[in-house]
Amino acid sequence: MSSNQVLVKVEQLKKHFPITQGIIIQRQVGAVRAVDDITFDIYKGETLGMVGESGCGKTTAGRTILQLYRPTEGKVIYDGVDLTTTKGETLRKMRRRMQMIFQDPYASLNPRWTISRIISEPMRVHKLNSGKARLERVKELLDLVQLNTLYLNRYPHEFSGGQRQRIGIARALASDPEFIVCDEPISALDVSIQAQVVNLLEDLQNRFGLTYLFIAHDLSMVRHICNRVAVMYLGVIVELASRDELYDNPLHPYTQALLSAVPIPDPKETRARQRIILTGDPPSPIDPPRGCRFHPRCPIVKDLCSEQVPEWREILPGHWVACHEG
Amino acid sequence: MSSTTTDSTDVTWKSLEIAERPPLTPTQVAWRRFRRHKMAIAGIFMLVAIILYVTVGTFFFTEAEANYTDLSIKLSPPSLEHPFGTDMVGRDLFARTIYGGQISIIIGLFAVFVSIILGVLIGAVSGYYGGATDSVLMRFTEAMFNIPSLFLLIILGKVLSGKIANFNLLGRSFSGSVVVIIAVIGITSWMYLARIVRANVLSLKEQEFITAARCTGTSNFSIIFSHILPNTTAPIIVSATLLVAAAILAEAYVSFLGVGVQPPTPTWGNMLDQAYHHLEREPWMWFFPGVLILMTVLGINFVGDGLRDALDPRALSESE
Amino acid sequence: MDPVLELINLVVHFHTQDGIVYAVNGVSYAAEAGKTLGIVGESGCGKSVSVLSAMRLIPEPPGKIVAGEIFYQGQDLLKLDKAGMQDIRGKEMAMIFQDPMTSFNPVLTIGHQISESSIVHFGIGQKEARQRSVELLELVGIPQAVDRFDDYPHQFSGGMRQRAMIAMALSCNPSVLIADEPTTALDVTIQAQIVDLIKDLSERFDMAIIWITHDLGVIAEIADRVVVMYAGYVVEEADVFDLFENPSHPYTLALLKSLPRVDTYSSEKLATIPGSPPDCLSLPPGCPFAPRCVYAVDQCRHENPPLDQSSFEHQIACWVDITTGRER
């Protein structure tokens, strides 16, 4: 399980996507502030959940950590190395150690490649194994994700969603990484398949001591798989705590509303629950509200909230929250 | 309550999945769909017939015969001896359509080759790198689009003509003007392809499998050539077939305007040009090369249509 | 109480290049006024096709309603001609979809599109229709409805568009509202808003709701009665409380056990259902769930169990009594 050793340190990370105008000479007229100053650590061997609603910046955060998007500001320190200043061959070498599992099992595999070629790509890029050994490794990986090794020379279109997701997982494992960003890995799968994939991810973690950043919007699943959970809203993290602390003692009003809105598959309990129904929709990240970003929808808003950005503070040991209240 | 969760069940369900369906490659899927397209199959037959005509025909006539002038029989109508008749200097039109066809088809193929290289390169670079590179390349493409290509063809044809020496290939001597015309048609026909490729690259590069490749550390070169372009082959092949037809027609236009391949080397295009003054009285002079051009272009278009349906990306998910 | 909409032994096939897709294989269910019928199942289980057939909205061909009856207030819809069906659709039965963006015409204002159906169905004038539409928008909780009337679909957020679509569906006072995964594309906080809204509307207007979803959590919240579908068959049907307390089909039980819960934590592994749902092109002989079922006995692999309708309360299609693990 998780240790106290920090594997990834994210410091004041920002990612703004410029909005430009002009045909040849483009000038910036604004920015989508997808990730706007987030700070947290990921410990070796843990699963850190990152939850929030669509457009809250959780996917961008994951991709910026992996340097698939270069950050606008801030640092990502991976095992002592600042990735944001790493370039070229050095960064490529680092990539062997961190991988990603994607949401859409249909779009994440090259439709013209065989399964064998897809899974061995990371080995080709990083010159790991060769010839026969590489093929053996591909078979071993297929075995690991519980797929028949006879499927080696088939194409993605012949597989179901759940099987494709397993292929994606095998590819992510091919270069022996230690850190994997799982970007909504189960949300596109059928209900009866989701548990299979989640169990597989857990098994692999135990076996290889993997560290996961698990991005999801399904709060029930996150409670099941994660050790700690960060809640994002409109580009910022509003609360971060260990699993049970966050679910049993949520401090931020947004976390409270979010948790109370998740239906429970039990009609008696779910109907007896007191729910906090938020009004309206999240505002646009192009022009986020001043002060606390949640204040226009917050049920316990104060005057201060619209003026001052709440401080990101550790209210209880390991329980971080950004709210003027409490 | 017995538990439904055991890893031992995983072993059994492996065998349940897609049991004994023979694997079909994306190419096989495409071929199956293509075969169902009747017009495309007809197109294939037309093209095979044309290709047999221009290849097997050379066993019956030498090139010297095709260029042999005999003023005594000039402008004679089709007869047993000269099935397609003769032209204004008494050359046998049957033999000339065979050798002319070779050149027309070679021009079509090579010109398209040039235009694919230019179009794919410009389109892929523009789409993949985006930003200023994209702006500059696309404005250039648009500029090329806006200049009437016939005008460009004539200008380039005039400028380049006579600059390239005659050469031998496969035991045949070719006029240097063939190379000129290939280059000219290639240079004036890549823009449409570049746009298609760019649009495809733009949508492909946002796909997760490209992100996956970047995440793995795959180089940009590799991403473009082994991930993106293979997934763009469908639109490239489809537009390339149609471009071949267009190139053969373009050769006919420029030859008709007198800046194409220079006589005595025959092409279907310059044969039409020579028929210009004989439209009414000696219709066989334009009829035969005209019909051959028509058949080739129609055949290619039918095949292109079939390919468009067969290579439809949505077909990939359909394993039949 | 007589059902408003009733499907009896509906069979729907799709004729494709690859063969016949057995999408719906003898499905019966009924929706009552003021009640919500939940239909739950995974993708391809026929839950959408069955209601779309009731609305006569499946493309024919390739689709074909092979057998069965569909009664709307005692009238067999399958015997109606196009015009007759047109009258019922929209006016008596309305539908909302998963993706509200594609259900609106992007170049017309929201208000225009809502008024249009009032004008067509009630023959009222522009002005009156506008007034009515604004009331509808207010009814579904769109703030400043008067001002938002002239907005285009893209100016609405996802949740707002879903509300606007509900307003459009309500514009003719339908007695049946079919909701096909209406909250799947929405965030949980917005989903909670929409669930509350529809619950409220159903009570106020005594509408029958048919709510199609793959999410058992949402079913637990909104449904009064639940139909569980698998591979084109109804495998279990019961009152919502009974179903969750006492799931009696192996598939329902397995699904419920595979769901983690937001309110409790258990360190145990999630229960899984091995394999994946069958392809409706080639269903296995016998019970379609048998290859994935831990309770399956020999009979299950040869003979498909019928839905036992001897008791209305709780109907199951299974040869095995899962409480004892023995054949019934």
# chains A, B, ... in the order shown; residues from 1 in each chain; ligands from 1

$ residues_around --residues "segment 192-200 of chain B" --least-positions-apart "6" --cutoff "6 Å" --atoms "only C-alpha atoms" --output "list in words"
Gly119, Val120, Ile122, Gly123, Ala124 and Gly127 of chain B

$ write_last_selection --atoms "N, CA and C atoms" --output "PDB file, in the first residue's frame"
ATOM      1  N   GLY B 119       1.121  16.881 -51.653  1.00  0.00           N
ATOM      2  CA  GLY B 119      -0.109  17.083 -50.891  1.00  0.00           C
ATOM      3  C   GLY B 119      -0.018  16.473 -49.506  1.00  0.00           C
ATOM      4  N   VAL B 120       0.469  15.246 -49.421  1.00  0.00           N
ATOM      5  CA  VAL B 120       0.534  14.565 -48.123  1.00  0.00           C
ATOM      6  C   VAL B 120       1.527  15.279 -47.215  1.00  0.00           C
ATOM      7  N   ILE B 122       2.650  18.438 -47.314  1.00  0.00           N
ATOM      8  CA  ILE B 122       2.190  19.757 -46.895  1.00  0.00           C
ATOM      9  C   ILE B 122       0.996  19.634 -45.950  1.00  0.00           C
ATOM     10  N   GLY B 123       0.072  18.744 -46.294  1.00  0.00           N
ATOM     11  CA  GLY B 123      -1.106  18.568 -45.450  1.00  0.00           C
ATOM     12  C   GLY B 123      -0.751  18.040 -44.074  1.00  0.00           C
ATOM     13  N   ALA B 124       0.124  17.040 -44.027  1.00  0.00           N
ATOM     14  CA  ALA B 124       0.450  16.414 -42.750  1.00  0.00           C
ATOM     15  C   ALA B 124       1.210  17.381 -41.849  1.00  0.00           C
ATOM     16  N   GLY B 127      -1.189  20.145 -40.679  1.00  0.00           N
ATOM     17  CA  GLY B 127      -2.162  19.707 -39.692  1.00  0.00           C
ATOM     18  C   GLY B 127      -1.522  19.326 -38.375  1.00  0.00           C
TER      19      GLY B 127
END

$ residues_around --residues "segment 72-87 of chain A" --least-positions-apart "6" --cutoff "7 Å" --atoms "only C-alpha atoms" --output "list in words"
Leu7, Val8, Lys9, Val10, Glu11, Gln12, Leu13, Lys14, Lys15, His16 and Ile65 of chain A

$ interface_residues --of "chain A" --to "chain C" --cutoff "6 Å" --atoms "only C-alpha atoms" --output "mmCIF file with N, CA and C atoms, in the first residue's frame"
data_model
loop_
_atom_site.group_PDB
_atom_site.id
_atom_site.type_symbol
_atom_site.label_atom_id
_atom_site.label_comp_id
_atom_site.auth_asym_id
_atom_site.auth_seq_id
_atom_site.Cartn_x
_atom_site.Cartn_y
_atom_site.Cartn_z
ATOM 1 N N GLU A 53 -16.729 17.527 -11.783
ATOM 2 C CA GLU A 53 -17.664 17.398 -12.884
ATOM 3 C C GLU A 53 -16.990 17.744 -14.199
ATOM 4 N N ASP A 190 -19.676 -0.854 -19.927
ATOM 5 C CA ASP A 190 -20.941 -1.325 -19.382
ATOM 6 C C ASP A 190 -20.794 -1.637 -17.897
ATOM 7 N N SER A 192 -21.599 -4.107 -16.071
ATOM 8 C CA SER A 192 -21.101 -5.411 -15.662
ATOM 9 C C SER A 192 -19.617 -5.590 -15.968
ATOM 10 N N ALA A 195 -16.593 -3.453 -12.990
ATOM 11 C CA ALA A 195 -15.979 -4.094 -11.828
ATOM 12 C C ALA A 195 -14.798 -4.962 -12.243
ATOM 13 N N GLN A 196 -14.919 -5.623 -13.408
ATOM 14 C CA GLN A 196 -13.798 -6.442 -13.895
ATOM 15 C C GLN A 196 -12.541 -5.604 -14.054
ATOM 16 N N SER A 220 -18.689 6.808 -6.318
ATOM 17 C CA SER A 220 -18.790 5.521 -5.635
ATOM 18 C C SER A 220 -17.566 4.667 -5.944
ATOM 19 N N MET A 221 -17.193 4.633 -7.221
ATOM 20 C CA MET A 221 -16.046 3.841 -7.620
ATOM 21 C C MET A 221 -14.764 4.409 -7.016
ATOM 22 N N ALA A 261 -25.385 14.168 -3.901
ATOM 23 C CA ALA A 261 -26.127 14.006 -5.147
ATOM 24 C C ALA A 261 -25.932 12.627 -5.766
ATOM 25 N N PRO A 263 -26.460 9.001 -6.408
ATOM 26 C CA PRO A 263 -27.511 8.079 -5.993
ATOM 27 C C PRO A 263 -26.929 6.808 -5.385
ATOM 28 N N ILE A 264 -27.650 6.254 -4.424
ATOM 29 C CA ILE A 264 -27.230 5.007 -3.795
ATOM 30 C C ILE A 264 -28.142 3.914 -4.337
ATOM 31 N N PRO A 265 -27.574 2.793 -4.759
ATOM 32 C CA PRO A 265 -28.431 1.740 -5.319
ATOM 33 C C PRO A 265 -29.226 1.033 -4.231
ATOM 34 N N ASP A 266 -30.022 1.767 -3.522
ATOM 35 C CA ASP A 266 -30.907 1.223 -2.502
ATOM 36 C C ASP A 266 -32.034 2.233 -2.320
ATOM 37 N N PRO A 267 -33.219 1.896 -2.793
ATOM 38 C CA PRO A 267 -34.295 2.897 -2.825
ATOM 39 C C PRO A 267 -34.645 3.454 -1.452
#

$ select_by_dssp --residues "segment 42-268 of chain A" --states "strand (DSSP E)" --output "number ranges by chain"
A: 42-43, 47-51, 73-78, 81-82, 98-101, 179-183, 211-216, 228-233, 236-242

$ residues_around --residues "Met93 of chain C" --least-positions-apart "4" --cutoff "7 Å" --atoms "only C-alpha atoms" --output "JSON, numbers by chain"
{"C": [88, 89, 174, 175, 176, 177]}

$ write_last_selection --atoms "C-alpha atoms" --output "PDB file, in the first residue's frame"
ATOM      1  CA  ILE C  88     -50.284  10.338 -30.764  1.00  0.00           C
ATOM      2  CA  ARG C  89     -46.569  10.943 -30.928  1.00  0.00           C
ATOM      3  CA  PRO C 174     -48.525  14.200 -22.865  1.00  0.00           C
ATOM      4  CA  SER C 175     -49.810  11.408 -20.678  1.00  0.00           C
ATOM      5  CA  VAL C 176     -46.660   9.330 -21.203  1.00  0.00           C
ATOM      6  CA  LEU C 177     -43.148  10.756 -20.999  1.00  0.00           C
TER       7      LEU C 177
END
